[in-house]
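Okay, structure first, notes after.
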Amino acid sequence: MNNLMIYGATGYTGGLVAERAQTAGVEFEIAGRDGPRLRAASAQLGVAHRTFRLDDPAVVRKHITGTSVLLNCAGPFARTAEPLMRACIEAGVHYLDITAEINVYRLAEGLSDAAAAAGVMLLPGVGWDVVPTDCLAAHVARRVEGPQRLRIALQVAGSMSRGSAISAGEIIGAGLLARAGGALVAKTDTRPVFFDFGGVEVACAPLSFGDLVTAWRSTGIPNIEMFVHVAGDAFPIGDLSLLPDGPSVEERDANRARAVAEVTGIDGSVRRSVIETLNGYSYTPLTAVEAARRVLSGDHKPGFQTPALIFGPGFAETIADTCIVDL
């Protein structure tokens, strides 16, 4: 038993992940809910496929049994993560996904003991977000003595895929949160904060990403806030079902991704670092497949984990054309 199942492989990002897995020579099969599209993708990739929905736990468990690692690319993850996580725990399958939805990370925390008892790892967030920001937070935390406060800001540029736009609604719908004294609490201060991603400070609005969970686990910093700067038409409005599948290669190449992390130490000293990567839709297939490959090779621990804890703070920079700059 040493294979990968990519669930949601006919979506925009899931398709890119499947293509990367094929290029990387990883043994895998694809799965999802749309039979005709799965059959077409299966024929194109030359891999096996399974068609199953997630509303019957017994059916899900039956189809994933015998798999080593399940990589969930089917959003919105608020609907797909729980049935797949629970089935993975029951079937002894390691669970990975590519979400930024905070409630999925809270779910993984809640299921951590059950997963650990079953010898199963729950590793949500092996794409952009949270690989770059999780590794960046761990990196900056090492630059101060007794880190007490962490602020992370993401720069979102270029257009979004239809699936990401729907997931963004889940992030907004989760409410505005921050971590204070180690606990997740409602955040009342909605004022923007200015961050410099590389030359000019820009206003960033508070938003609740999964890093409020992963950065806490990776660094132990008790006070964490998240922000985002949206450039161009990254957050679309209107009927999201009418959006195109996702940005073109040219659009992705024209819009690189950046994030900044700021850590305050116990003595009041402040350190900042910026990470720059390929566009998130180009970066995610690389990190997701590499994470799956490492887990297949035995790089895993039971229970809920984060990319920086499992693969080390340098994991993000193992991906081509990625760099961290200390400010």
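If you're wondering about the labels, chains in the structure tokens are A, B, ... by order shown, residues count from 1 in each chain, ligands from 1 in order shown.
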
Per residue of region 124-205 of chain A within 6 Å of region 218-229 of chain A, note the shortest atom pair and the distance in Å to one decimal, counting only C-alpha atoms, and order the rows by chain and increasing residue number, as a Markdown table.
```
| residue | atom | partner | partner_atom | distance |
| --- | --- | --- | --- | --- |
| A:Ala138 | CA | A:Thr219 | CA | 5.7 |
| A:Gln148 | CA | A:Ile221 | CA | 5.4 |
| A:Arg149 | CA | A:Asn223 | CA | 4.8 |
| A:Leu150 | CA | A:Ile224 | CA | 4.7 |
| A:Arg151 | CA | A:Glu225 | CA | 4.9 |
| A:Ile152 | CA | A:Met226 | CA | 5.0 |
| A:Ala153 | CA | A:Phe227 | CA | 4.4 |
| A:Leu154 | CA | A:Val228 | CA | 4.7 |
| A:Gln155 | CA | A:His229 | CA | 4.8 |
| A:Ala178 | CA | A:Glu225 | CA | 5.1 |
| A:Arg179 | CA | A:Ile224 | CA | 4.9 |
| A:Ala180 | CA | A:Asn223 | CA | 4.5 |
| A:Gly181 | CA | A:Pro222 | CA | 4.8 |
| A:Gly182 | CA | A:Pro222 | CA | 4.2 |
| A:Cys204 | CA | A:His229 | CA | 4.5 |
| A:Ala205 | CA | A:Phe227 | CA | 5.2 |
```

Residues from last step as file, all heavy atoms, as an mmCIF file, in the first residue's frame:
```cif
data_model
loop_
_atom_site.group_PDB
_atom_site.id
_atom_site.type_symbol
_atom_site.label_atom_id
_atom_site.label_comp_id
_atom_site.auth_asym_id
_atom_site.auth_seq_id
_atom_site.Cartn_x
_atom_site.Cartn_y
_atom_site.Cartn_z
ATOM 1 N N ALA A 138 7.389 30.448 11.080
ATOM 2 C CA ALA A 138 8.402 29.716 11.843
ATOM 3 C C ALA A 138 9.782 30.349 11.664
ATOM 4 O O ALA A 138 10.575 30.412 12.605
ATOM 5 C CB ALA A 138 8.418 28.258 11.405
ATOM 6 N N GLN A 148 6.142 36.905 21.023
ATOM 7 C CA GLN A 148 4.865 37.092 21.707
ATOM 8 C C GLN A 148 3.718 37.441 20.770
ATOM 9 O O GLN A 148 2.560 37.154 21.072
ATOM 10 C CB GLN A 148 4.998 38.214 22.752
ATOM 11 C CG GLN A 148 5.990 37.915 23.851
ATOM 12 C CD GLN A 148 5.559 36.734 24.679
ATOM 13 O OE1 GLN A 148 4.449 36.707 25.204
ATOM 14 N NE2 GLN A 148 6.434 35.733 24.805
ATOM 15 N N ARG A 149 4.037 38.064 19.658
ATOM 16 C CA ARG A 149 2.977 38.538 18.754
ATOM 17 C C ARG A 149 3.383 38.287 17.311
ATOM 18 O O ARG A 149 4.529 38.528 16.935
ATOM 19 C CB ARG A 149 2.733 40.043 18.965
ATOM 20 C CG ARG A 149 1.615 40.624 18.110
ATOM 21 C CD ARG A 149 1.617 42.144 18.208
ATOM 22 N NE ARG A 149 0.459 42.750 17.549
ATOM 23 C CZ ARG A 149 0.370 44.025 17.201
ATOM 24 N NH1 ARG A 149 1.390 44.848 17.462
ATOM 25 N NH2 ARG A 149 -0.704 44.503 16.609
ATOM 26 N N LEU A 150 2.433 37.804 16.531
ATOM 27 C CA LEU A 150 2.671 37.522 15.117
ATOM 28 C C LEU A 150 1.556 38.144 14.292
ATOM 29 O O LEU A 150 0.368 37.974 14.596
ATOM 30 C CB LEU A 150 2.712 36.007 14.884
ATOM 31 C CG LEU A 150 2.649 35.512 13.431
ATOM 32 C CD1 LEU A 150 3.896 35.940 12.647
ATOM 33 C CD2 LEU A 150 2.477 33.999 13.389
ATOM 34 N N ARG A 151 1.965 38.882 13.260
ATOM 35 C CA ARG A 151 0.995 39.393 12.291
ATOM 36 C C ARG A 151 1.434 38.920 10.906
ATOM 37 O O ARG A 151 2.594 39.089 10.530
ATOM 38 C CB ARG A 151 0.917 40.918 12.332
ATOM 39 C CG ARG A 151 0.475 41.455 13.686
ATOM 40 C CD ARG A 151 -0.009 42.898 13.618
ATOM 41 N NE ARG A 151 1.021 43.813 13.152
ATOM 42 C CZ ARG A 151 0.848 45.128 12.991
ATOM 43 N NH1 ARG A 151 -0.318 45.673 13.256
ATOM 44 N NH2 ARG A 151 1.831 45.892 12.573
ATOM 45 N N ILE A 152 0.507 38.330 10.168
ATOM 46 C CA ILE A 152 0.778 37.825 8.824
ATOM 47 C C ILE A 152 -0.157 38.518 7.851
ATOM 48 O O ILE A 152 -1.364 38.613 8.098
ATOM 49 C CB ILE A 152 0.559 36.304 8.729
ATOM 50 C CG1 ILE A 152 1.445 35.560 9.724
ATOM 51 C CG2 ILE A 152 0.825 35.807 7.306
ATOM 52 C CD1 ILE A 152 1.168 34.062 9.780
ATOM 53 N N ALA A 153 0.393 38.993 6.748
ATOM 54 C CA ALA A 153 -0.419 39.614 5.705
ATOM 55 C C ALA A 153 -0.138 38.929 4.378
ATOM 56 O O ALA A 153 1.017 38.688 4.026
ATOM 57 C CB ALA A 153 -0.121 41.110 5.605
ATOM 58 N N LEU A 154 -1.192 38.593 3.654
ATOM 59 C CA LEU A 154 -1.089 37.976 2.338
ATOM 60 C C LEU A 154 -1.405 39.009 1.268
ATOM 61 O O LEU A 154 -2.284 39.860 1.455
ATOM 62 C CB LEU A 154 -2.073 36.811 2.195
ATOM 63 C CG LEU A 154 -1.787 35.493 2.913
ATOM 64 C CD1 LEU A 154 -1.843 35.654 4.418
ATOM 65 C CD2 LEU A 154 -2.782 34.431 2.462
ATOM 66 N N GLN A 155 -0.695 38.933 0.176
ATOM 67 C CA GLN A 155 -0.987 39.775 -0.974
ATOM 68 C C GLN A 155 -1.632 38.899 -2.042
ATOM 69 O O GLN A 155 -1.011 37.959 -2.548
ATOM 70 C CB GLN A 155 0.282 40.419 -1.521
ATOM 71 C CG GLN A 155 0.014 41.402 -2.667
ATOM 72 C CD GLN A 155 1.309 41.993 -3.202
ATOM 73 O OE1 GLN A 155 2.186 41.274 -3.639
ATOM 74 N NE2 GLN A 155 1.432 43.314 -3.140
ATOM 75 N N ALA A 178 -9.104 36.359 15.741
ATOM 76 C CA ALA A 178 -7.683 36.537 16.024
ATOM 77 C C ALA A 178 -7.340 35.569 17.147
ATOM 78 O O ALA A 178 -8.227 34.972 17.762
ATOM 79 C CB ALA A 178 -7.377 37.969 16.433
ATOM 80 N N ARG A 179 -6.048 35.386 17.395
ATOM 81 C CA ARG A 179 -5.634 34.563 18.521
ATOM 82 C C ARG A 179 -5.061 35.492 19.587
ATOM 83 O O ARG A 179 -4.159 36.278 19.315
ATOM 84 C CB ARG A 179 -4.604 33.517 18.090
ATOM 85 C CG ARG A 179 -4.387 32.429 19.152
ATOM 86 C CD ARG A 179 -3.604 31.261 18.596
ATOM 87 N NE ARG A 179 -4.356 30.447 17.678
ATOM 88 C CZ ARG A 179 -5.170 29.460 18.035
ATOM 89 N NH1 ARG A 179 -5.367 29.193 19.313
ATOM 90 N NH2 ARG A 179 -5.788 28.750 17.119
ATOM 91 N N ALA A 180 -5.607 35.368 20.798
ATOM 92 C CA ALA A 180 -5.172 36.218 21.915
ATOM 93 C C ALA A 180 -4.928 35.331 23.123
ATOM 94 O O ALA A 180 -5.817 34.588 23.552
ATOM 95 C CB ALA A 180 -6.219 37.273 22.231
ATOM 96 N N GLY A 181 -3.715 35.387 23.651
ATOM 97 C CA GLY A 181 -3.377 34.551 24.784
ATOM 98 C C GLY A 181 -3.515 33.070 24.485
ATOM 99 O O GLY A 181 -3.795 32.272 25.383
ATOM 100 N N GLY A 182 -3.342 32.706 23.229
ATOM 101 C CA GLY A 182 -3.437 31.311 22.807
ATOM 102 C C GLY A 182 -4.817 30.865 22.407
ATOM 103 O O GLY A 182 -4.982 29.769 21.866
ATOM 104 N N CYS A 204 -3.971 46.649 4.352
ATOM 105 C CA CYS A 204 -4.371 45.237 4.407
ATOM 106 C C CYS A 204 -5.527 45.096 5.393
ATOM 107 O O CYS A 204 -5.452 45.563 6.524
ATOM 108 C CB CYS A 204 -3.206 44.361 4.852
ATOM 109 S SG CYS A 204 -1.768 44.450 3.743
ATOM 110 N N ALA A 205 -6.572 44.433 4.961
ATOM 111 C CA ALA A 205 -7.759 44.257 5.794
ATOM 112 C C ALA A 205 -7.648 42.983 6.623
ATOM 113 O O ALA A 205 -7.096 41.981 6.166
ATOM 114 C CB ALA A 205 -9.001 44.191 4.915
#
```

Can you list, as JSON, numbers by chain, every residue of region 55-151 of chain A that DSSP puts in alpha helix (DSSP H)? {"A": [57, 58, 59, 60, 61, 62, 63, 64, 77, 78, 79, 80, 81, 82, 83, 84, 85, 86, 87, 88, 89, 90, 91, 102, 103, 104, 105, 106, 107, 108, 109, 110, 112, 113, 114, 115, 116, 117, 131, 132, 133, 134, 135, 136, 137, 138, 139, 140, 141]}

Applying 7 Å and only C-alpha atoms, which residues near Thr99 (chain A) remain after dropping the ones on its own chain fewer than 3 positions away? List them as a PyMOL selection string. chain A and resi 77+124-125+129

Export of prior selection with all heavy atoms as a short mmCIF file (atom, residue, chain, number, x, y, z; two decimals), in the first residue's frame:
```cif
data_model
loop_
_atom_site.label_atom_id
_atom_site.label_comp_id
_atom_site.auth_asym_id
_atom_site.auth_seq_id
_atom_site.Cartn_x
_atom_site.Cartn_y
_atom_site.Cartn_z
N PHE A 77 -14.20 23.40 0.97
CA PHE A 77 -13.73 22.34 1.86
C PHE A 77 -14.60 22.22 3.10
O PHE A 77 -14.56 21.20 3.79
CB PHE A 77 -12.27 22.60 2.22
CG PHE A 77 -11.37 22.47 1.02
CD1 PHE A 77 -11.16 23.55 0.18
CD2 PHE A 77 -10.76 21.27 0.72
CE1 PHE A 77 -10.35 23.43 -0.95
CE2 PHE A 77 -9.95 21.14 -0.40
CZ PHE A 77 -9.75 22.23 -1.24
N PRO A 124 -3.99 19.49 6.66
CA PRO A 124 -4.60 20.44 5.72
C PRO A 124 -3.62 21.56 5.38
O PRO A 124 -2.70 21.85 6.15
CB PRO A 124 -5.80 20.98 6.52
CG PRO A 124 -5.42 20.81 7.95
CD PRO A 124 -4.54 19.59 8.01
N GLY A 125 -3.80 22.16 4.21
CA GLY A 125 -3.02 23.34 3.87
C GLY A 125 -1.66 23.07 3.26
O GLY A 125 -0.69 23.71 3.63
N ASP A 129 -2.59 29.01 0.31
CA ASP A 129 -2.08 29.00 1.64
C ASP A 129 -2.16 27.56 2.16
O ASP A 129 -3.00 26.84 1.69
CB ASP A 129 -2.98 30.01 2.36
CG ASP A 129 -2.61 30.46 3.72
OD1 ASP A 129 -1.46 30.82 3.94
OD2 ASP A 129 -3.50 30.47 4.54
#
```

Skipping near chain neighbours, those fewer than 3 positions away, what residues fall within 7 Å of region 26-43 of chain A using only C-alpha atoms, listed as a PDB file with C-alpha atoms, in the first residue's frame?
```
ATOM      1  CA  ASN A   3      -0.259   5.169  -3.470  1.00  0.00           C
ATOM      2  CA  LEU A   4      -1.989   8.527  -3.656  1.00  0.00           C
ATOM      3  CA  MET A   5      -5.633   9.400  -4.333  1.00  0.00           C
ATOM      4  CA  ILE A   6      -6.377  12.926  -5.567  1.00  0.00           C
ATOM      5  CA  TYR A   7     -10.000  13.765  -4.791  1.00  0.00           C
ATOM      6  CA  GLY A   8     -11.414  16.649  -6.822  1.00  0.00           C
ATOM      7  CA  ALA A   9      -8.965  16.121  -9.677  1.00  0.00           C
ATOM      8  CA  THR A  10     -11.332  17.511 -12.311  1.00  0.00           C
ATOM      9  CA  ALA A  21       1.755  14.323  -9.953  1.00  0.00           C
ATOM     10  CA  GLN A  22       2.052  12.707 -13.370  1.00  0.00           C
ATOM     11  CA  GLY A  46      -3.595   7.325 -18.106  1.00  0.00           C
ATOM     12  CA  VAL A  47      -4.522   6.647 -14.461  1.00  0.00           C
ATOM     13  CA  ALA A  48      -7.346   4.837 -12.697  1.00  0.00           C
ATOM     14  CA  HIS A  49     -10.356   6.721 -11.398  1.00  0.00           C
ATOM     15  CA  ARG A  50     -13.112   6.295  -8.830  1.00  0.00           C
ATOM     16  CA  THR A  51     -16.449   8.074  -8.790  1.00  0.00           C
ATOM     17  CA  PHE A  52     -18.119   8.554  -5.414  1.00  0.00           C
ATOM     18  CA  ARG A  53     -19.973  11.203  -3.476  1.00  0.00           C
ATOM     19  CA  ARG A 293       5.469  12.374  -2.066  1.00  0.00           C
TER      20      ARG A 293
END
```

Would you kindly return, as a PyMOL selection string, each protein, DNA or RNA residue with an atom no farther than 12 Å from any atom of Thr318 (chain A), considering only C-alpha atoms and excluding same-chain residues fewer than 2 positions away? chain A and resi 131-132+135+277+283+286-287+290-291+311-316+320-324

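For the pair CA of Val59 (chain A) and CA of Ala91 (chain A), the interatomic distance is 11.6 Å.
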
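What separates CA of Phe195 (chain A) from CA of Arg143 (chain A) is a distance of 18.7 Å.
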
Quick one: residues within 10 Å of Tyr95 (chain A), only C-alpha atoms counted, chain neighbours fewer than 4 positions away excluded, as a list in words? Met5, Ser68, Val69, Leu70, Leu71, Asn72, Ala81, Leu84, Met85, Arg86, Ala87, Cys88, Ile89, Ala108, Ala115, Val120, Met121, Leu122, Leu123, Pro124, Ala292, Val295 and Phe304 of chain A

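The space between CA of Ala308 (chain A) and CA of Pro285 (chain A) spans 17.5 Å.
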
Per-residue DSSP, region 31-242 of chain A, filtered to strand (DSSP E), as number ranges by chain: A: 31-32, 49-51, 69-72, 94-97, 121-123, 149-156, 177-180, 183-186, 193-196, 201-206, 223-230

Which one of A:Val249, A:Leu96, A:Leu309, A:Val230 sits closest to Trp216 (chain A) if you count only C-alpha atoms? A:Leu309
